[in-house]
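Have a look at protein.cif below; it lists mmCIF, C-alpha atoms.
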data_coords
#
loop_
_atom_site.group_PDB
_atom_site.id
_atom_site.type_symbol
_atom_site.label_atom_id
_atom_site.label_comp_id
_atom_site.auth_asym_id
_atom_site.auth_seq_id
_atom_site.Cartn_x
_atom_site.Cartn_y
_atom_site.Cartn_z
ATOM 1 C CA MET H 174 -23.479 8.605 31.235
ATOM 2 C CA MET H 175 -22.727 8.414 27.501
ATOM 3 C CA CYS H 176 -18.996 8.858 28.176
ATOM 4 C CA LYS H 177 -19.068 5.951 30.597
ATOM 5 C CA VAL H 178 -20.825 3.792 28.044
ATOM 6 C CA MET H 179 -18.318 4.733 25.343
ATOM 7 C CA ALA H 180 -15.347 4.078 27.591
ATOM 8 C CA TRP H 181 -16.760 0.730 28.625
ATOM 9 C CA LEU H 182 -17.418 -0.273 25.035
ATOM 10 C CA PHE H 183 -14.135 0.974 23.668
ATOM 11 C CA LEU H 184 -11.592 0.346 26.360
ATOM 12 C CA ALA H 185 -12.658 -2.721 28.265
ATOM 13 C CA GLN H 186 -12.922 -6.294 27.044
ATOM 14 C CA LEU H 187 -16.521 -6.456 25.866
ATOM 15 C CA LEU H 188 -18.054 -9.861 25.449
ATOM 16 C CA ILE H 189 -21.452 -9.867 23.831
ATOM 17 C CA GLN H 190 -23.033 -13.001 25.212
ATOM 18 C CA ILE H 191 -25.739 -14.002 22.802
ATOM 19 C CA LEU H 192 -25.206 -17.728 22.825
ATOM 20 C CA ARG H 193 -26.211 -21.198 23.688
ATOM 21 C CA ILE H 194 -24.135 -21.661 26.797
ATOM 22 C CA HIS H 195 -22.797 -25.188 26.276
ATOM 23 C CA ALA H 196 -22.439 -25.162 22.488
ATOM 24 C CA LYS H 197 -19.098 -26.147 20.964
ATOM 25 C CA VAL H 198 -17.206 -23.514 18.978
ATOM 26 C CA PRO H 199 -16.563 -24.971 15.504
ATOM 27 C CA ALA H 200 -14.589 -22.020 14.078
ATOM 28 C CA ILE H 201 -12.812 -18.776 15.004
ATOM 29 C CA ILE H 202 -13.662 -15.826 12.752
ATOM 30 C CA VAL H 203 -11.516 -12.709 13.033
ATOM 31 C CA PHE H 204 -11.925 -9.040 12.076
ATOM 32 C CA GLY H 205 -9.583 -6.165 12.855
ATOM 33 C CA ASP H 206 -6.115 -4.692 12.375
ATOM 34 C CA SER H 207 -2.465 -5.770 12.784
ATOM 35 C CA SER H 208 -3.151 -7.067 16.277
ATOM 36 C CA VAL H 209 -4.947 -9.980 14.595
ATOM 37 C CA ASP H 210 -4.035 -9.874 10.866
ATOM 38 C CA SER H 211 -2.570 -13.267 9.935
ATOM 39 C CA GLY H 212 -1.411 -12.179 6.481
ATOM 40 C CA ASN H 213 -4.112 -10.447 4.444
ATOM 41 C CA ASN H 214 -1.900 -7.428 3.823
ATOM 42 C CA ASN H 215 0.455 -9.691 1.874
ATOM 43 C CA GLN H 216 -2.093 -9.489 -0.941
ATOM 44 C CA VAL H 217 -2.693 -5.724 -0.690
ATOM 45 C CA GLN H 218 -0.766 -2.894 -2.400
ATOM 46 C CA THR H 219 0.469 -1.243 0.777
ATOM 47 C CA ILE H 220 3.804 -0.579 2.442
ATOM 48 C CA LEU H 221 2.432 -1.996 5.695
ATOM 49 C CA LYS H 222 3.600 -5.600 5.449
ATOM 50 C CA SER H 223 5.498 -8.101 7.578
ATOM 51 C CA ASN H 224 5.930 -11.095 5.263
ATOM 52 C CA PHE H 225 9.715 -11.029 5.532
ATOM 53 C CA GLU H 226 12.377 -11.861 8.111
ATOM 54 C CA PRO H 227 12.807 -11.429 11.005
ATOM 55 C CA TYR H 228 9.005 -11.409 11.366
ATOM 56 C CA GLY H 229 7.789 -14.934 11.973
ATOM 57 C CA ARG H 230 11.205 -16.243 12.966
ATOM 58 C CA ASP H 231 9.587 -18.283 15.788
ATOM 59 C CA PHE H 232 6.541 -19.310 13.754
ATOM 60 C CA ASN H 233 6.593 -22.974 12.674
ATOM 61 C CA GLY H 234 10.255 -23.073 11.796
ATOM 62 C CA GLY H 235 10.715 -19.431 10.921
ATOM 63 C CA GLN H 236 7.984 -18.584 8.417
ATOM 64 C CA PRO H 237 7.229 -14.862 7.872
ATOM 65 C CA THR H 238 3.476 -15.200 7.321
ATOM 66 C CA GLY H 239 2.480 -11.557 7.460
ATOM 67 C CA ARG H 240 1.728 -11.627 11.181
ATOM 68 C CA PHE H 241 3.196 -8.589 12.935
ATOM 69 C CA SER H 242 5.106 -10.599 15.502
ATOM 70 C CA ASN H 243 7.920 -13.092 15.809
ATOM 71 C CA GLY H 244 5.305 -15.862 16.043
ATOM 72 C CA ARG H 245 1.627 -16.430 16.606
ATOM 73 C CA LEU H 246 -1.081 -13.882 17.435
ATOM 74 C CA PRO H 247 -3.837 -13.992 20.094
ATOM 75 C CA PRO H 248 -6.484 -15.490 17.743
ATOM 76 C CA ASP H 249 -4.126 -18.382 16.997
ATOM 77 C CA PHE H 250 -3.764 -19.154 20.691
ATOM 78 C CA ILE H 251 -7.493 -18.691 21.295
ATOM 79 C CA SER H 252 -8.262 -21.079 18.448
ATOM 80 C CA GLU H 253 -5.872 -23.622 19.947
ATOM 81 C CA ALA H 254 -7.377 -23.181 23.414
ATOM 82 C CA PHE H 255 -10.810 -23.985 22.005
ATOM 83 C CA GLY H 256 -9.443 -27.127 20.420
ATOM 84 C CA VAL H 257 -10.079 -25.895 16.884
ATOM 85 C CA LYS H 258 -6.619 -25.530 15.299
ATOM 86 C CA PRO H 259 -3.283 -23.867 16.135
ATOM 87 C CA VAL H 260 -3.446 -21.059 13.552
ATOM 88 C CA VAL H 261 -6.200 -18.979 11.939
ATOM 89 C CA PRO H 262 -5.438 -18.475 8.215
ATOM 90 C CA ALA H 263 -5.800 -15.225 6.290
ATOM 91 C CA TYR H 264 -8.775 -15.098 3.921
ATOM 92 C CA LEU H 265 -6.747 -13.598 1.061
ATOM 93 C CA ASP H 266 -3.888 -16.098 1.340
ATOM 94 C CA PRO H 267 -4.067 -18.113 -1.918
ATOM 95 C CA THR H 268 -2.521 -21.178 -0.282
ATOM 96 C CA TYR H 269 -5.668 -21.705 1.805
ATOM 97 C CA HIS H 270 -9.140 -22.718 0.668
ATOM 98 C CA ILE H 271 -12.655 -23.129 2.045
ATOM 99 C CA THR H 272 -11.636 -26.514 3.460
ATOM 100 C CA ASP H 273 -9.251 -24.586 5.724
ATOM 101 C CA PHE H 274 -11.571 -21.636 6.352
ATOM 102 C CA ALA H 275 -14.441 -23.858 7.501
ATOM 103 C CA THR H 276 -12.807 -24.042 10.938
ATOM 104 C CA GLY H 277 -11.496 -20.505 11.121
ATOM 105 C CA VAL H 278 -10.628 -17.521 8.991
ATOM 106 C CA CYS H 279 -9.138 -14.060 9.414
ATOM 107 C CA PHE H 280 -10.370 -10.990 7.515
ATOM 108 C CA ALA H 281 -8.237 -8.470 9.419
ATOM 109 C CA SER H 282 -5.929 -5.944 7.769
ATOM 110 C CA ALA H 283 -2.949 -4.305 9.452
ATOM 111 C CA GLY H 284 -3.303 -0.536 9.573
ATOM 112 C CA THR H 285 -7.072 -0.416 9.324
ATOM 113 C CA GLY H 286 -9.537 1.128 11.749
ATOM 114 C CA TYR H 287 -13.222 1.679 12.322
ATOM 115 C CA ASP H 288 -12.922 4.962 10.426
ATOM 116 C CA ASN H 289 -12.580 4.646 6.628
ATOM 117 C CA ALA H 290 -10.163 7.572 6.731
ATOM 118 C CA THR H 291 -7.795 5.445 8.806
ATOM 119 C CA SER H 292 -7.547 2.684 6.218
ATOM 120 C CA ASN H 293 -6.820 5.327 3.568
ATOM 121 C CA VAL H 294 -3.645 6.446 5.363
ATOM 122 C CA LEU H 295 -1.685 3.337 4.331
ATOM 123 C CA SER H 296 -4.012 2.001 1.627
ATOM 124 C CA VAL H 297 -5.148 -1.075 3.526
ATOM 125 C CA ILE H 298 -8.448 -2.966 3.648
ATOM 126 C CA PRO H 299 -11.203 -0.798 5.175
ATOM 127 C CA PHE H 300 -13.290 -2.288 7.982
ATOM 128 C CA TRP H 301 -16.452 -2.382 5.854
ATOM 129 C CA LYS H 302 -14.610 -4.446 3.229
ATOM 130 C CA GLU H 303 -13.763 -7.050 5.857
ATOM 131 C CA LEU H 304 -17.493 -7.558 6.305
ATOM 132 C CA GLU H 305 -17.953 -7.892 2.546
ATOM 133 C CA TYR H 306 -15.281 -10.602 2.519
ATOM 134 C CA TYR H 307 -17.191 -12.316 5.324
ATOM 135 C CA LYS H 308 -20.336 -12.326 3.190
ATOM 136 C CA GLU H 309 -18.341 -13.978 0.389
ATOM 137 C CA TYR H 310 -17.095 -16.517 2.895
ATOM 138 C CA GLN H 311 -20.638 -17.303 4.008
ATOM 139 C CA LYS H 312 -21.592 -18.178 0.438
ATOM 140 C CA GLN H 313 -18.492 -20.343 -0.001
ATOM 141 C CA LEU H 314 -19.187 -22.115 3.293
ATOM 142 C CA ARG H 315 -22.789 -22.872 2.311
ATOM 143 C CA ASP H 316 -21.633 -24.224 -1.027
ATOM 144 C CA TYR H 317 -19.109 -26.407 0.776
ATOM 145 C CA LEU H 318 -21.122 -27.646 3.776
ATOM 146 C CA GLY H 319 -24.699 -27.130 2.643
ATOM 147 C CA HIS H 320 -26.998 -24.438 4.022
ATOM 148 C CA GLN H 321 -28.060 -26.133 7.250
ATOM 149 C CA LYS H 322 -24.598 -27.196 8.402
ATOM 150 C CA ALA H 323 -23.020 -23.909 7.318
ATOM 151 C CA ASN H 324 -25.618 -21.883 9.212
ATOM 152 C CA GLU H 325 -24.910 -23.964 12.326
ATOM 153 C CA VAL H 326 -21.198 -23.273 11.995
ATOM 154 C CA LEU H 327 -21.781 -19.553 11.469
ATOM 155 C CA SER H 328 -24.050 -19.238 14.506
ATOM 156 C CA GLU H 329 -21.838 -21.303 16.825
ATOM 157 C CA SER H 330 -18.500 -19.794 15.743
ATOM 158 C CA LEU H 331 -16.622 -17.364 17.960
ATOM 159 C CA TYR H 332 -16.160 -13.933 16.364
ATOM 160 C CA LEU H 333 -13.164 -11.884 17.482
ATOM 161 C CA ILE H 334 -12.965 -8.161 16.701
ATOM 162 C CA SER H 335 -9.803 -6.202 17.540
ATOM 163 C CA LEU H 336 -9.068 -2.711 16.227
ATOM 164 C CA GLY H 337 -9.237 0.976 17.097
ATOM 165 C CA THR H 338 -5.626 1.833 17.926
ATOM 166 C CA ASN H 339 -4.877 3.047 14.395
ATOM 167 C CA ASP H 340 -7.861 5.375 14.436
ATOM 168 C CA PHE H 341 -6.009 7.388 17.055
ATOM 169 C CA LEU H 342 -2.292 6.808 16.452
ATOM 170 C CA GLU H 343 -2.325 6.850 12.631
ATOM 171 C CA ASN H 344 -5.265 9.157 12.116
ATOM 172 C CA TYR H 345 -6.702 11.380 14.854
ATOM 173 C CA TYR H 346 -3.451 12.269 16.668
ATOM 174 C CA LEU H 347 -1.299 12.344 13.533
ATOM 175 C CA LEU H 348 -3.399 14.024 10.833
ATOM 176 C CA PRO H 349 -5.483 17.203 11.151
ATOM 177 C CA GLY H 350 -8.633 16.110 9.316
ATOM 178 C CA ARG H 351 -10.538 14.365 12.087
ATOM 179 C CA ARG H 352 -9.200 16.652 14.852
ATOM 180 C CA LEU H 353 -10.649 19.654 13.053
ATOM 181 C CA LYS H 354 -14.021 17.942 12.861
ATOM 182 C CA PHE H 355 -14.263 16.088 16.189
ATOM 183 C CA SER H 356 -13.185 16.500 19.792
ATOM 184 C CA VAL H 357 -11.710 13.319 21.291
ATOM 185 C CA GLU H 358 -15.060 12.505 22.911
ATOM 186 C CA GLU H 359 -16.937 13.144 19.668
ATOM 187 C CA TYR H 360 -14.504 10.978 17.733
ATOM 188 C CA GLN H 361 -14.916 8.176 20.262
ATOM 189 C CA SER H 362 -18.669 8.446 19.822
ATOM 190 C CA PHE H 363 -18.255 8.378 16.047
ATOM 191 C CA LEU H 364 -16.183 5.188 16.246
ATOM 192 C CA VAL H 365 -18.544 3.573 18.745
ATOM 193 C CA GLY H 366 -21.371 4.183 16.291
ATOM 194 C CA ILE H 367 -19.436 2.384 13.549
ATOM 195 C CA ALA H 368 -18.649 -0.491 15.908
ATOM 196 C CA GLY H 369 -22.301 -0.754 16.912
ATOM 197 C CA ASN H 370 -23.471 -0.833 13.313
ATOM 198 C CA PHE H 371 -20.874 -3.483 12.470
ATOM 199 C CA ILE H 372 -21.948 -5.716 15.340
ATOM 200 C CA THR H 373 -25.613 -5.256 14.449
ATOM 201 C CA GLU H 374 -25.000 -6.317 10.863
ATOM 202 C CA LEU H 375 -22.829 -9.214 11.989
ATOM 203 C CA PHE H 376 -25.677 -10.379 14.213
ATOM 204 C CA GLN H 377 -28.154 -10.051 11.360
ATOM 205 C CA LEU H 378 -25.827 -12.236 9.279
ATOM 206 C CA GLY H 379 -26.002 -14.984 11.892
ATOM 207 C CA ALA H 380 -23.209 -14.328 14.395
ATOM 208 C CA ARG H 381 -24.140 -15.064 18.003
ATOM 209 C CA LYS H 382 -20.841 -15.184 19.912
ATOM 210 C CA ILE H 383 -18.903 -11.944 19.553
ATOM 211 C CA SER H 384 -15.901 -10.668 21.480
ATOM 212 C CA LEU H 385 -14.927 -7.015 20.964
ATOM 213 C CA ALA H 386 -11.425 -6.314 22.247
ATOM 214 C CA GLY H 387 -10.725 -2.985 23.879
ATOM 215 C CA LEU H 388 -7.799 -0.741 23.029
ATOM 216 C CA PRO H 389 -4.346 -1.610 24.391
ATOM 217 C CA PRO H 390 -2.478 0.988 26.503
ATOM 218 C CA MET H 391 -1.512 3.018 23.436
ATOM 219 C CA GLY H 392 0.707 5.495 25.232
ATOM 220 C CA CYS H 393 2.920 2.658 26.477
ATOM 221 C CA LEU H 394 3.797 1.289 23.049
ATOM 222 C CA PRO H 395 7.553 1.733 22.401
ATOM 223 C CA LEU H 396 6.843 4.039 19.452
ATOM 224 C CA GLU H 397 4.667 6.330 21.567
ATOM 225 C CA ARG H 398 7.214 6.383 24.399
ATOM 226 C CA THR H 399 9.807 7.527 21.875
ATOM 227 C CA THR H 400 7.664 10.478 20.803
ATOM 228 C CA ASN H 401 7.521 11.436 24.486
ATOM 229 C CA ILE H 402 11.310 11.403 24.896
ATOM 230 C CA LEU H 403 11.419 14.801 26.623
ATOM 231 C CA SER H 404 9.502 13.285 29.517
ATOM 232 C CA GLY H 405 12.004 10.475 29.934
ATOM 233 C CA ARG H 406 10.204 8.040 27.613
ATOM 234 C CA ASP H 407 7.459 7.416 30.153
ATOM 235 C CA CYS H 408 4.066 6.315 28.938
ATOM 236 C CA VAL H 409 2.298 9.149 27.115
ATOM 237 C CA GLU H 410 -0.367 9.973 29.674
ATOM 238 C CA LYS H 411 -2.884 11.487 27.269
ATOM 239 C CA LEU H 412 -3.063 8.159 25.460
ATOM 240 C CA VAL H 413 -3.398 5.874 28.504
ATOM 241 C CA LEU H 414 -7.141 5.462 28.746
ATOM 242 C CA THR H 415 -8.974 3.786 31.611
ATOM 243 C CA ASN H 416 -8.442 0.047 32.033
ATOM 244 C CA PRO H 417 -7.691 -0.925 28.426
ATOM 245 C CA PHE H 418 -6.565 -4.489 27.893
ATOM 246 C CA ASP H 419 -5.758 -4.716 31.591
ATOM 247 C CA ILE H 420 -3.466 -7.702 31.331
ATOM 248 C CA LEU H 421 -1.199 -6.010 28.756
ATOM 249 C CA LEU H 422 -0.896 -2.926 30.943
ATOM 250 C CA GLU H 423 -0.051 -5.166 33.892
ATOM 251 C CA ILE H 424 2.684 -6.856 31.843
ATOM 252 C CA ILE H 425 4.120 -3.489 30.776
ATOM 253 C CA GLN H 426 4.153 -2.167 34.334
ATOM 254 C CA SER H 427 5.534 -5.359 35.929
ATOM 255 C CA PRO H 428 7.413 -7.207 33.175
ATOM 256 C CA HIS H 429 9.596 -9.250 35.529
ATOM 257 C CA SER H 430 6.500 -10.783 37.117
ATOM 258 C CA PHE H 431 5.761 -12.374 33.752
ATOM 259 C CA GLY H 432 9.320 -13.442 32.958
ATOM 260 C CA PHE H 433 10.247 -10.476 30.763
ATOM 261 C CA GLU H 434 13.351 -8.321 31.025
ATOM 262 C CA GLU H 435 12.333 -5.374 28.828
ATOM 263 C CA ALA H 436 9.056 -3.536 28.294
ATOM 264 C CA ALA H 437 10.106 -0.025 27.287
ATOM 265 C CA VAL H 438 11.822 -0.961 24.033
ATOM 266 C CA ALA H 439 11.113 -3.716 21.509
ATOM 267 C CA CYS H 440 13.203 -6.641 20.307
ATOM 268 C CA CYS H 441 13.521 -5.684 16.651
ATOM 269 C CA ALA H 442 16.242 -3.234 15.597
ATOM 270 C CA THR H 443 16.684 -0.357 18.097
ATOM 271 C CA GLY H 444 13.269 -1.159 19.523
ATOM 272 C CA VAL H 445 12.058 2.421 19.657
ATOM 273 C CA VAL H 446 10.652 3.337 16.225
ATOM 274 C CA GLU H 447 10.978 0.392 13.840
ATOM 275 C CA MET H 448 8.138 -1.675 12.447
ATOM 276 C CA GLY H 449 7.317 -3.122 9.029
ATOM 277 C CA TYR H 450 10.135 -2.651 6.511
ATOM 278 C CA MET H 451 12.231 -0.803 9.102
ATOM 279 C CA CYS H 452 12.315 -4.045 11.063
ATOM 280 C CA ASN H 453 14.286 -6.282 8.706
ATOM 281 C CA LYS H 454 16.855 -9.079 8.829
ATOM 282 C CA PHE H 455 19.721 -6.749 7.944
ATOM 283 C CA ASN H 456 19.512 -4.806 11.197
ATOM 284 C CA PRO H 457 22.225 -6.131 13.544
ATOM 285 C CA LEU H 458 20.581 -4.707 16.661
ATOM 286 C CA THR H 459 17.617 -7.112 16.735
ATOM 287 C CA CYS H 460 17.610 -9.115 19.959
ATOM 288 C CA ALA H 461 18.560 -12.793 20.062
ATOM 289 C CA ASP H 462 15.742 -13.886 22.398
ATOM 290 C CA ALA H 463 12.339 -12.297 21.831
ATOM 291 C CA ASP H 464 10.924 -14.052 24.917
ATOM 292 C CA LYS H 465 12.760 -11.493 27.057
ATOM 293 C CA TYR H 466 10.785 -8.646 25.471
ATOM 294 C CA VAL H 467 7.162 -7.574 25.838
ATOM 295 C CA PHE H 468 7.192 -6.027 22.357
ATOM 296 C CA TRP H 469 8.493 -7.460 19.105
ATOM 297 C CA ASP H 470 8.578 -4.195 17.148
ATOM 298 C CA ALA H 471 7.751 -0.646 18.205
ATOM 299 C CA PHE H 472 4.034 -1.313 17.851
ATOM 300 C CA HIS H 473 3.357 -5.039 18.291
ATOM 301 C CA PRO H 474 3.825 -7.590 21.102
ATOM 302 C CA THR H 475 6.010 -10.676 20.946
ATOM 303 C CA GLU H 476 4.545 -14.153 20.627
ATOM 304 C CA LYS H 477 5.133 -14.709 24.343
ATOM 305 C CA THR H 478 3.088 -11.615 25.199
ATOM 306 C CA ASN H 479 0.372 -12.658 22.751
ATOM 307 C CA ARG H 480 0.172 -16.059 24.443
ATOM 308 C CA ILE H 481 -0.221 -14.512 27.904
ATOM 309 C CA VAL H 482 -2.869 -12.055 26.677
ATOM 310 C CA ALA H 483 -4.788 -14.787 24.860
ATOM 311 C CA ASP H 484 -4.679 -17.065 27.906
ATOM 312 C CA HIS H 485 -6.032 -14.246 30.068
ATOM 313 C CA VAL H 486 -8.818 -13.465 27.595
ATOM 314 C CA VAL H 487 -9.830 -17.115 27.333
ATOM 315 C CA LYS H 488 -9.948 -17.560 31.110
ATOM 316 C CA HIS H 489 -11.618 -14.292 32.014
ATOM 317 C CA SER H 490 -13.740 -13.271 29.011
ATOM 318 C CA LEU H 491 -14.324 -16.291 26.826
ATOM 319 C CA ALA H 492 -14.590 -19.058 29.424
ATOM 320 C CA GLU H 493 -18.319 -19.475 28.948
ATOM 321 C CA PHE H 494 -17.759 -20.463 25.335
ATOM 322 C CA LEU H 495 -15.451 -23.363 26.246
#
Show the structure stored in the file as structure tokens.
Amino acid sequence: MMCKVMAWLFLAQLLIQILRIHAKVPAIIVFGDSSVDSGNNNQVQTILKSNFEPYGRDFNGGQPTGRFSNGRLPPDFISEAFGVKPVVPAYLDPTYHITDFATGVCFASAGTGYDNATSNVLSVIPFWKELEYYKEYQKQLRDYLGHQKANEVLSESLYLISLGTNDFLENYYLLPGRRLKFSVEEYQSFLVGIAGNFITELFQLGARKISLAGLPPMGCLPLERTTNILSGRDCVEKLVLTNPFDILLEIIQSPHSFGFEEAAVACCATGVVEMGYMCNKFNPLTCADADKYVFWDAFHPTEKTNRIVADHVVKHSLAEFL
């Protein structure tokens, strides 16, 4: 029974519906990893960055913002779908201020995970620190809007949480530390406990509308296919968990149905191993049209994929908040 609960919590789209059904969403507040980081890692001493070309080449005239894609991310599209604004700014970006953050803010950090040991791998912002930044934000928002209005915004905002992939691909499956201490099931339970504590504290801080994204089909990422080259670059079966991010798996398995031509390799560089600094403007192999590809780099989807995923999430998981 516990395994079923963990799988449901971790791998399916979980929507915690503690809300006033017809309330308007005044802001989108984001926690997580590179799947939703809109540029916080630009301000962090880490090698895991994407604030350079060709990242962002399809973002508002070709701006590399620090998003790990050629354009916008799912929270940007979700924010737009809710009629809030077209992009969710990064909290650490010095060009934005509380006037911008009042309608949406991102605390996510590429490379982080639920497990503190995961954030240590590439020296990125740990998950607990994202919550500390949120507490700072609450104070700034109350100073800006006044306590009553700020508390209304905080309780009516939509909170998006998306992480967990790095805990396995950068940590558990790559380094020996956690594998020596936990079985896969025990590690899942460990992470679920952290997620539960995070959500509990977020609720205690006033959040009432929380969406926890499940893991994508990790074994089907171009990078993971490459490590499985002896099996013909098929999806790595041990990493394909039950029904994670179902729409992304559907896109990967039937790319032509969604207007894509390539799902096994990414657009940037050779499309099999490159991400971050390995995906740069000097590589002549980067594709001309990212809309033909499911993945932008070996780890992250293209803007077109992000749009499709976000549209699916809005229609099937977040519709009650509209």
Item to check | Counting all atoms listed in the file, the residue of H:Phe225, H:Gly235, H:Asn215, H:Phe468 that sits nearest Phe455 in chain H | outcome: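 Of H:Phe225, H:Gly235, H:Asn215, H:Phe468, the one nearest Phe455 in chain H is H:Phe225, counting all atoms listed in the file.
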Apply the PyMOL selection byres ((chain H and resi 431) around 10) to the structure shown and report the selected residues as an mmCIF file with C-alpha atoms, keeping the file's coordinate frame.
data_model
loop_
_atom_site.group_PDB
_atom_site.id
_atom_site.type_symbol
_atom_site.label_atom_id
_atom_site.label_comp_id
_atom_site.auth_asym_id
_atom_site.auth_seq_id
_atom_site.Cartn_x
_atom_site.Cartn_y
_atom_site.Cartn_z
ATOM 1 C CA GLU H 423 -0.051 -5.166 33.892
ATOM 2 C CA ILE H 424 2.684 -6.856 31.843
ATOM 3 C CA ILE H 425 4.120 -3.489 30.776
ATOM 4 C CA SER H 427 5.534 -5.359 35.929
ATOM 5 C CA PRO H 428 7.413 -7.207 33.175
ATOM 6 C CA HIS H 429 9.596 -9.250 35.529
ATOM 7 C CA SER H 430 6.500 -10.783 37.117
ATOM 8 C CA GLY H 432 9.320 -13.442 32.958
ATOM 9 C CA PHE H 433 10.247 -10.476 30.763
ATOM 10 C CA GLU H 434 13.351 -8.321 31.025
ATOM 11 C CA LYS H 465 12.760 -11.493 27.057
ATOM 12 C CA VAL H 467 7.162 -7.574 25.838
ATOM 13 C CA LYS H 477 5.133 -14.709 24.343
ATOM 14 C CA THR H 478 3.088 -11.615 25.199
ATOM 15 C CA ILE H 481 -0.221 -14.512 27.904
#
Checklist entry - Can you tell me how far CA of Cys279 in chain H sits from CA of Ser211 in chain H, in Å to one decimal? => result 6.6 Å
Item to check | 10 Å contact set for Gln313 in chain H, only C-alpha atoms, chain neighbours under 3 positions out, as number ranges by chain | outcome: H: 270-272, 274-275, 307-310, 316-319, 323
Item to check | Point (-10.2, 15.4, 16.5), cut-off 12 Å, counting all atoms listed in the file, residues as number ranges by chain | outcome: H: 340-342, 344-364
